Amino acid sequence: MRALISTFDKTGLDVFARGLADLGWQLVASGGTAAYLEDELGLEVERVETLTDFPEMLGGRVKTLHPRIHGGILARRDSSDDLAALDEQEIQPFDVVCVNFYPFSSITARRGARMADAVEMIDIGGPSMLRAAAKNFAYVAPVSGPEQYARVLADLRDTGAVSQATRRELAAVAFAKSAAYEAAIARWFAEGEGLPDTLSLAFEKVQDLAYGENPHQRAAYYREVGARRPLLSYVEQLHGRELSFNNLHDLSGALMLLREFTLPACVIVKHANACGVAVAATIEEAYERALASDPLSAFGMVCVLNRPVTPALAATIAQQFVDVLFAPEYEAGALDAWSAKPQARILADRERRAFPPDELDYKRIPGGLLVQDRDWDIETRETMTVVAGSVTEEQWGNLLFAWRVCKHVASNAIVIAKDLQTIGIGAGQQSRVDAVRIALDKAQKFDHSVGGSVLASDAFFPFADGPEQALARGVTALIQPGGSKRDAEVVEAVTRSGGAMVFTGRRHFRH
C-alpha cells in the first residue's frame with residue numbers, strides 16, 4: 001500500500017505519517033514534505049524526483065505534474081487496460097493521497113500583501129493531485145486536512161482499508177476545498193471590477209449554531225473565503241453562551257450602523273432593526289440616551305458601543321436583559337457585573353478595522369442570488385438641497401444623524417431624532433404614512449417631546465399626508481431623497497406649516 005504526501009501545513013502529519021509507516025505503508029513525498037518526514041521524523045521516504053526520474057524545476061513549480069504520479073492516482077483497479085498501462089510503464093498505484101494547499105488566502109488577507117507573493121501562493125500541483133484522487137475515490141482516499149487523519153488511520157487499523165463511505169466523504173470535502181481555493185484566487189484577480197460576469201463564491205464553516213431563525217431550522221456561520229474583514233475577525237468572546245443565528249444577524253446590522261459615527265455612540269438593535277441610537281460627549285451618556293429611546297423594545301437587546309466599557313457602565317448595562325454586548329474593550333473589573341448573568345454574550349473587538357469598501361451584498365432567492373454593491377456611501381450636507389424653509393445648525397446636526405440611522409432601518413423606514421438621539425423609529429412598514437405614525441406614537445409612548453425634533457425618511461414621500469402628520473405633532477424639519485411626482489405638493493405642505501425640508505437626492509432602501 002502506498003501513500004503520496006505533499007502538505008504545506010504539517011500539523012498532525014507526524015502522527016499520520018508514523019501511523020501509516022507502522023502499518024507497513026510505503027511513503028512517497030515531495031520537496032519540503034519529504035525533508036520533514038526524513039529529517040524530523042526519521043521515516044523512510046521515496047522522493048518524487050526519484051520516482052519520476054526527473055528533478056524538480058522552475059524553483060519547485062514543477063515536481064508532481066508527471067504521468068508516474070497522476071497515472072498512479074487515476075488508474076482504475078477494475079480496468080484491465082488501466083492496469084496493463086501501469087505495468088507497461090512500471091507505475092505503481094497510490095491508495096492514499098494526502099495534500100493540503102499553499103495558504104493563498106492567508107497571504108492576500110495581509111495588509112500590504114505584494115502581488116508577487118500572492119501569485120507564488122497559487123498552488124498548481126496540490127489541487128491537481130487532490131482532484132485526481134477525489135475523482136478516483138473508488139480506489140484512492142483523498143485526504144485534504146489534518147482533521148481527517150484520525151478517521152483514516154482508524155479505518156486502516158480496523159479493516160486494513162479506508163471504507164468506500166469514508167472515501168466518498170473525503171472526495172466531497174476535497175472538491176469543496178479545491179473549489180473554495182479557486183474561488184478565492186478568482187475573487188482576488190477580480191477585485192475592483194465591480195460585478196463580474198462569473199461570480200465565484202466560497203465559504204468555509206466557522207461554527208455550527210444551536211439553531212436558525214427558529215428552533216426547527218439547522219444553522220451554521222460561514223466565513224467567505226478570502227474575505228478581509230469577516231464579522232467575527234479579531235473579536236473575542238469574554239463571557240456567556242455561544243452566539244446564535246439571530247445574534248449574529250443583529251450584530252451585523254448593529255455594527256454597520258455603528259460605523260457611521262466617530263463620536264461616542266451606542267446602537268441598540270432588536271430583530272435586525274435599531275430601536276435606540278444616540279451619540280453624546282461620553283459613552284455613558286450615549287448608552288443612557290439610546291436605551292431611553294425605546295426601553296421596551298430593548299429587552300433582550302444587542303447593544304454595541306464604540307468606546308471602552310468601565311465597571312460603572314457595565315454595572316448600569318447589566319441591569320437590563322442583554323443578549324449581546326459588544327465594545328472595543330472592557331476595563332479591569334467591568335466583567336464582574338456579568339458574573340450572575342451567564343446567558344449574556346460579552347464580546348470585545350480586539351482590532352477595529354473598516355469594512356471593505358468593495359464588498360458585495362448577496363440576497364438568496366430560490367435557485368440563485370441577487371447581488372449588489374454594499375450601500376456604504378452616505379450623502380453629505382454639501383450635496384443636499386434645502387427645498388423648504390431654512391435649516392438651523394442644530395437642525396442640520398440632527399438631520400444628518402437621523403439620515404445615517406435611517407439608512408440602516410428596514411424599509412419603509414422613518415426615524416425621528418432630537419439632540420442626536422432617536423426618539424421614535426418606524427420600521428418595515430408596507431405604508432410610509434404608517435411608518436410615520438408608528439414613529440410618532442413610540443416617541444409619545446416613552447414621553448419624548450416631539451416638539452423641535454427632525455424626521456428622516458429612507459425614500460421619498462409619495463403624498464403629503466406623512467409630513468403633515470409629523471409636522472402637526474411638532475416635527476420641525478424633514479430629510480428625504482425627493483423624486484416623487486408629488487414633490488411639489490409635499491414641499492408646499494411643509495412650507496405652509498413653517499417647517500423645513502431637505503432633499504438628499506438618493507434613497508437608501510433596506511429590504
# chains A, B, ... in the order shown; residues from 1 in each chain; ligands from 1
>>> residues_around(residues="region 31-42 of chain A", least_positions_apart="3", cutoff="7 Å", atoms="only C-alpha atoms", output="list in words")
Ser6, Thr7, Asp14, Val45 and Arg47 of chain A
>>> residues_around(residues="region 269-271 of chain A", least_positions_apart="4", cutoff="8 Å", atoms="only C-alpha atoms", output="list in words")
Asn246, Asp250, Leu251, Gly253, Ala254, Cys275, Gly276, Ser297, Ala298, Gly300, Met301, Val302 and Cys303 of chain A
>>> write_last_selection(atoms="C-alpha atoms", output="PDB file, in the first residue's frame")
ATOM      1  CA  ASN A 246     -30.179  35.795  15.320  1.00  0.00           C
ATOM      2  CA  ASP A 250     -28.462  41.519  14.711  1.00  0.00           C
ATOM      3  CA  LEU A 251     -24.792  42.125  15.464  1.00  0.00           C
ATOM      4  CA  GLY A 253     -26.675  45.236  11.383  1.00  0.00           C
ATOM      5  CA  ALA A 254     -25.676  46.991  14.590  1.00  0.00           C
ATOM      6  CA  CYS A 275     -34.603  50.574  18.406  1.00  0.00           C
ATOM      7  CA  GLY A 276     -32.304  53.132  20.021  1.00  0.00           C
ATOM      8  CA  SER A 297     -38.026  47.114  22.635  1.00  0.00           C
ATOM      9  CA  ALA A 298     -34.541  46.984  24.178  1.00  0.00           C
ATOM     10  CA  GLY A 300     -33.120  41.147  25.099  1.00  0.00           C
ATOM     11  CA  MET A 301     -31.076  43.649  23.118  1.00  0.00           C
ATOM     12  CA  VAL A 302     -27.910  43.543  21.082  1.00  0.00           C
ATOM     13  CA  CYS A 303     -26.006  46.607  22.303  1.00  0.00           C
TER      14      CYS A 303
END
>>> closest_residue(among="A:Asp82, A:Asp323, A:Glu393, A:Asp458", to="Asp419 (chain A)", atoms="only C-alpha atoms")
A:Glu393
>>> select_by_dssp(residues="region 169-380 of chain A", states="alpha helix (DSSP H)", output="JSON, numbers by chain")
{"A": [169, 170, 171, 172, 173, 174, 175, 176, 177, 178, 179, 180, 181, 182, 183, 184, 185, 186, 187, 188, 189, 245, 246, 247, 248, 249, 250, 251, 252, 253, 254, 255, 256, 257, 258, 283, 284, 285, 286, 287, 288, 289, 290, 291, 292, 293, 311, 312, 313, 314, 315, 316, 317]}
>>> write_last_selection(atoms="N, CA and C atoms", output="short mmCIF file (atom, residue, chain, number, x, y, z; two decimals), in the first residue's frame")
data_model
loop_
_atom_site.label_atom_id
_atom_site.label_comp_id
_atom_site.auth_asym_id
_atom_site.auth_seq_id
_atom_site.Cartn_x
_atom_site.Cartn_y
_atom_site.Cartn_z
N GLU A 169 -16.90 10.55 1.24
CA GLU A 169 -16.99 11.77 2.04
C GLU A 169 -15.73 12.61 1.89
N LEU A 170 -14.58 11.94 1.87
CA LEU A 170 -13.32 12.66 1.68
C LEU A 170 -13.28 13.34 0.32
N ALA A 171 -13.83 12.67 -0.69
CA ALA A 171 -13.87 13.25 -2.04
C ALA A 171 -14.73 14.51 -2.07
N ALA A 172 -15.86 14.47 -1.39
CA ALA A 172 -16.74 15.65 -1.35
C ALA A 172 -16.01 16.83 -0.72
N VAL A 173 -15.32 16.57 0.38
CA VAL A 173 -14.57 17.64 1.04
C VAL A 173 -13.44 18.14 0.15
N ALA A 174 -12.76 17.22 -0.53
CA ALA A 174 -11.64 17.60 -1.39
C ALA A 174 -12.10 18.52 -2.51
N PHE A 175 -13.20 18.18 -3.17
CA PHE A 175 -13.69 19.03 -4.25
C PHE A 175 -14.18 20.38 -3.71
N ALA A 176 -14.79 20.37 -2.52
CA ALA A 176 -15.23 21.63 -1.92
C ALA A 176 -14.03 22.53 -1.61
N LYS A 177 -12.97 21.94 -1.06
CA LYS A 177 -11.78 22.73 -0.75
C LYS A 177 -11.11 23.25 -2.02
N SER A 178 -11.08 22.42 -3.04
CA SER A 178 -10.49 22.85 -4.31
C SER A 178 -11.30 23.98 -4.91
N ALA A 179 -12.63 23.86 -4.87
CA ALA A 179 -13.50 24.91 -5.40
C ALA A 179 -13.32 26.21 -4.63
N ALA A 180 -13.23 26.10 -3.30
CA ALA A 180 -13.04 27.29 -2.47
C ALA A 180 -11.71 27.96 -2.76
N TYR A 181 -10.70 27.15 -2.97
CA TYR A 181 -9.36 27.67 -3.26
C TYR A 181 -9.38 28.45 -4.58
N GLU A 182 -9.97 27.85 -5.60
CA GLU A 182 -10.03 28.51 -6.90
C GLU A 182 -10.90 29.76 -6.83
N ALA A 183 -11.98 29.71 -6.06
CA ALA A 183 -12.86 30.87 -5.93
C ALA A 183 -12.13 32.03 -5.27
N ALA A 184 -11.32 31.74 -4.25
CA ALA A 184 -10.56 32.80 -3.58
C ALA A 184 -9.57 33.45 -4.54
N ILE A 185 -8.94 32.64 -5.38
CA ILE A 185 -8.00 33.19 -6.36
C ILE A 185 -8.74 34.03 -7.39
N ALA A 186 -9.86 33.52 -7.90
CA ALA A 186 -10.65 34.28 -8.88
C ALA A 186 -11.12 35.59 -8.29
N ARG A 187 -11.55 35.56 -7.04
CA ARG A 187 -12.01 36.78 -6.38
C ARG A 187 -10.88 37.79 -6.27
N TRP A 188 -9.69 37.33 -5.93
CA TRP A 188 -8.54 38.23 -5.78
C TRP A 188 -8.20 38.89 -7.12
N PHE A 189 -8.19 38.11 -8.19
CA PHE A 189 -7.89 38.67 -9.51
C PHE A 189 -8.96 39.67 -9.95
N PHE A 245 -27.78 32.29 15.66
CA PHE A 245 -28.03 32.82 14.32
C PHE A 245 -28.56 34.25 14.39
N ASN A 246 -29.58 34.47 15.22
CA ASN A 246 -30.18 35.80 15.32
C ASN A 246 -29.22 36.80 15.95
N ASN A 247 -28.41 36.34 16.91
CA ASN A 247 -27.39 37.23 17.49
C ASN A 247 -26.47 37.77 16.41
N LEU A 248 -25.98 36.86 15.55
CA LEU A 248 -25.03 37.27 14.52
C LEU A 248 -25.69 38.19 13.50
N HIS A 249 -26.93 37.90 13.16
CA HIS A 249 -27.64 38.77 12.21
C HIS A 249 -27.83 40.16 12.80
N ASP A 250 -28.28 40.22 14.05
CA ASP A 250 -28.46 41.52 14.71
C ASP A 250 -27.14 42.25 14.87
N LEU A 251 -26.10 41.51 15.25
CA LEU A 251 -24.79 42.12 15.46
C LEU A 251 -24.25 42.73 14.17
N SER A 252 -24.46 42.04 13.06
CA SER A 252 -24.01 42.55 11.78
C SER A 252 -24.66 43.90 11.48
N GLY A 253 -25.98 43.98 11.65
CA GLY A 253 -26.67 45.24 11.38
C GLY A 253 -26.26 46.33 12.33
N ALA A 254 -26.06 45.99 13.60
CA ALA A 254 -25.68 46.99 14.59
C ALA A 254 -24.30 47.57 14.30
N LEU A 255 -23.36 46.71 13.90
CA LEU A 255 -22.01 47.19 13.64
C LEU A 255 -21.94 48.04 12.38
N MET A 256 -22.75 47.71 11.37
CA MET A 256 -22.76 48.54 10.17
C MET A 256 -23.34 49.92 10.46
N LEU A 257 -24.29 50.00 11.37
CA LEU A 257 -24.81 51.30 11.78
C LEU A 257 -23.80 52.05 12.64
N LEU A 258 -23.16 51.34 13.56
CA LEU A 258 -22.20 51.99 14.46
C LEU A 258 -21.05 52.64 13.68
N ILE A 283 -19.52 57.96 26.42
CA ILE A 283 -20.17 56.72 26.05
C ILE A 283 -21.26 56.38 27.06
N GLU A 284 -21.09 56.80 28.30
CA GLU A 284 -22.12 56.55 29.31
C GLU A 284 -23.42 57.28 28.94
N GLU A 285 -23.28 58.53 28.52
CA GLU A 285 -24.47 59.29 28.13
C GLU A 285 -25.07 58.72 26.85
N ALA A 286 -24.22 58.31 25.92
CA ALA A 286 -24.73 57.73 24.68
C ALA A 286 -25.57 56.49 24.97
N TYR A 287 -25.10 55.63 25.89
CA TYR A 287 -25.87 54.43 26.23
C TYR A 287 -27.19 54.80 26.89
N GLU A 288 -27.16 55.71 27.86
CA GLU A 288 -28.38 56.08 28.57
C GLU A 288 -29.43 56.62 27.61
N ARG A 289 -29.01 57.44 26.66
CA ARG A 289 -29.95 58.06 25.73
C ARG A 289 -30.45 57.05 24.69
N ALA A 290 -29.57 56.13 24.26
CA ALA A 290 -30.01 55.10 23.32
C ALA A 290 -31.04 54.19 23.97
N LEU A 291 -30.81 53.80 25.22
CA LEU A 291 -31.76 52.96 25.94
C LEU A 291 -33.08 53.68 26.15
N ALA A 292 -33.01 54.96 26.48
CA ALA A 292 -34.22 55.73 26.72
C ALA A 292 -35.06 55.91 25.46
N SER A 293 -34.46 55.75 24.30
CA SER A 293 -35.21 55.90 23.06
C SER A 293 -36.41 54.98 23.02
N PRO A 311 -16.20 49.74 34.63
CA PRO A 311 -17.00 48.94 35.57
C PRO A 311 -18.35 49.58 35.89
N ALA A 312 -18.37 50.91 36.02
CA ALA A 312 -19.63 51.59 36.34
C ALA A 312 -20.63 51.44 35.20
N LEU A 313 -20.18 51.62 33.96
CA LEU A 313 -21.08 51.47 32.82
C LEU A 313 -21.53 50.03 32.69
N ALA A 314 -20.63 49.08 32.91
CA ALA A 314 -21.00 47.66 32.84
C ALA A 314 -22.10 47.34 33.84
N ALA A 315 -21.97 47.89 35.05
CA ALA A 315 -22.99 47.64 36.07
C ALA A 315 -24.33 48.23 35.65
N THR A 316 -24.31 49.39 35.00
CA THR A 316 -25.55 50.01 34.52
C THR A 316 -26.20 49.17 33.44
N ILE A 317 -25.41 48.72 32.47
CA ILE A 317 -25.96 47.93 31.36
C ILE A 317 -26.48 46.59 31.88
#
>>> select_by_dssp(residues="region 45-288 of chain A", states="strand (DSSP E or B)", output="PDB file with C-alpha atoms, in the first residue's frame")
ATOM      1  CA  GLU A  46      10.711   7.697  -1.562  1.00  0.00           C
ATOM      2  CA  ARG A  47      11.150  11.141  -3.061  1.00  0.00           C
ATOM      3  CA  MET A  57      12.445  22.513 -11.787  1.00  0.00           C
ATOM      4  CA  VAL A  62       7.146  21.602 -11.465  1.00  0.00           C
ATOM      5  CA  VAL A  96      -3.924   7.440  -0.236  1.00  0.00           C
ATOM      6  CA  VAL A  97      -3.156  10.957  -1.466  1.00  0.00           C
ATOM      7  CA  CYS A  98      -2.589  13.407   1.378  1.00  0.00           C
ATOM      8  CA  VAL A  99      -2.433  17.032   0.184  1.00  0.00           C
ATOM      9  CA  ASN A 100      -3.123  20.497   1.518  1.00  0.00           C
ATOM     10  CA  ALA A 141      -8.569   8.064  -0.367  1.00  0.00           C
ATOM     11  CA  PRO A 142      -8.169  11.856  -0.962  1.00  0.00           C
ATOM     12  CA  VAL A 143      -7.032  13.260   2.394  1.00  0.00           C
ATOM     13  CA  PHE A 203     -17.484  29.890   2.238  1.00  0.00           C
ATOM     14  CA  GLU A 204     -15.948  27.811   4.999  1.00  0.00           C
ATOM     15  CA  LYS A 205     -17.739  26.867   8.187  1.00  0.00           C
ATOM     16  CA  VAL A 206     -16.689  28.782  11.271  1.00  0.00           C
ATOM     17  CA  GLN A 207     -19.090  27.121  13.679  1.00  0.00           C
ATOM     18  CA  ASP A 208     -22.370  25.277  13.939  1.00  0.00           C
ATOM     19  CA  LEU A 209     -25.155  27.247  15.585  1.00  0.00           C
ATOM     20  CA  ALA A 219     -27.851  26.739  11.010  1.00  0.00           C
ATOM     21  CA  ALA A 220     -24.145  27.472  10.876  1.00  0.00           C
ATOM     22  CA  TYR A 221     -21.948  30.526  10.490  1.00  0.00           C
ATOM     23  CA  TYR A 222     -19.735  30.533   7.395  1.00  0.00           C
ATOM     24  CA  ARG A 223     -16.909  32.893   6.548  1.00  0.00           C
ATOM     25  CA  GLU A 224     -16.361  33.944   2.950  1.00  0.00           C
ATOM     26  CA  VAL A 235     -13.486  39.502  18.123  1.00  0.00           C
ATOM     27  CA  GLU A 236     -13.059  37.672  21.411  1.00  0.00           C
ATOM     28  CA  GLN A 237     -15.989  36.341  23.390  1.00  0.00           C
ATOM     29  CA  LEU A 238     -15.307  37.050  27.049  1.00  0.00           C
ATOM     30  CA  HIS A 239     -18.476  35.732  28.630  1.00  0.00           C
ATOM     31  CA  ALA A 265     -22.049  56.227  20.135  1.00  0.00           C
ATOM     32  CA  CYS A 266     -24.380  53.443  21.200  1.00  0.00           C
ATOM     33  CA  VAL A 267     -26.627  51.361  18.945  1.00  0.00           C
ATOM     34  CA  ILE A 268     -29.288  49.050  20.359  1.00  0.00           C
ATOM     35  CA  VAL A 269     -30.827  46.529  17.953  1.00  0.00           C
ATOM     36  CA  LYS A 270     -33.733  44.094  18.069  1.00  0.00           C
ATOM     37  CA  ASN A 273     -33.584  46.934  13.363  1.00  0.00           C
ATOM     38  CA  ALA A 274     -32.295  49.746  15.517  1.00  0.00           C
ATOM     39  CA  CYS A 275     -34.603  50.574  18.406  1.00  0.00           C
ATOM     40  CA  GLY A 276     -32.304  53.132  20.021  1.00  0.00           C
ATOM     41  CA  VAL A 277     -29.323  55.118  18.773  1.00  0.00           C
ATOM     42  CA  ALA A 278     -27.504  58.075  20.312  1.00  0.00           C
ATOM     43  CA  VAL A 279     -24.212  59.933  20.128  1.00  0.00           C
TER      44      VAL A 279
END
>>> closest_residue(among="A:Ala84, A:Ala134, A:Leu13, A:Gln92", to="Gln148 (chain A)", atoms="only C-alpha atoms")
A:Leu13
>>> residues_around(residues="Ala138 (chain A)", least_positions_apart="3", cutoff="10 Å", atoms="only C-alpha atoms", output="list in words")
Arg76, Arg77, Asp78, Ala133, Ala134, Lys135, Ala141, Ser163, Gln164, Ala165, Arg167, Arg168 and Ala171 of chain A
>>> closest_residue(among="A:Leu195, A:Leu23, A:Leu130, A:Val324", to="Tyr362 (chain A)", atoms="only C-alpha atoms")
A:Leu195
>>> residues_around(residues="Ala410 (chain A)", least_positions_apart="2", cutoff="7 Å", atoms="only C-alpha atoms", output="VMD selection string")
chain A and resid 273 408 412 to 413 427 to 428 510 to 511
>>> residues_around(residues="Asp294 (chain A)", least_positions_apart="5", cutoff="9 Å", atoms="only C-alpha atoms", output="ChimeraX atom specification")
/A:275-276,422-425,442-443,445-446
>>> closest_residue(among="A:Gly71, A:Gly368, A:Arg157, A:Leu83", to="Ala21 (chain A)", atoms="only C-alpha atoms")
A:Arg157
>>> atom_distance(atom1="CA of Ala75 (chain A)", atom2="CA of Gly24 (chain A)")
22.0 Å
>>> residues_around(residues="Asp361 (chain A)", least_positions_apart="2", cutoff="9 Å", atoms="only C-alpha atoms", output="list in words")
Glu359, Lys363, Leu370, Val371, Gln372, Asp373, Arg374 and Asp375 of chain A
>>> residues_around(residues="Phe503 (chain A)", least_positions_apart="2", cutoff="7 Å", atoms="only C-alpha atoms", output="CSV table (one decimal) with C-alpha atoms, in the first residue's frame")
chain,number,residue,atom,x,y,z
A,384,MET,CA,-28.1,68.1,-0.3
A,385,THR,CA,-30.7,70.7,-1.2
A,386,VAL,CA,-32.9,72.7,1.2
A,387,VAL,CA,-36.3,72.8,-0.6
A,479,ILE,CA,-34.9,65.0,5.3
A,480,GLN,CA,-35.8,62.7,2.5
A,481,PRO,CA,-34.5,61.8,-1.0
A,482,GLY,CA,-37.1,63.6,-3.1
A,501,MET,CA,-37.2,70.1,4.3
A,505,GLY,CA,-31.1,63.2,-4.0
>>> atom_distance(atom1="CA of Arg307 (chain A)", atom2="CA of Phe321 (chain A)")
20.6 Å
>>> atom_distance(atom1="CA of Phe137 (chain A)", atom2="CA of Asp81 (chain A)")
18.6 Å
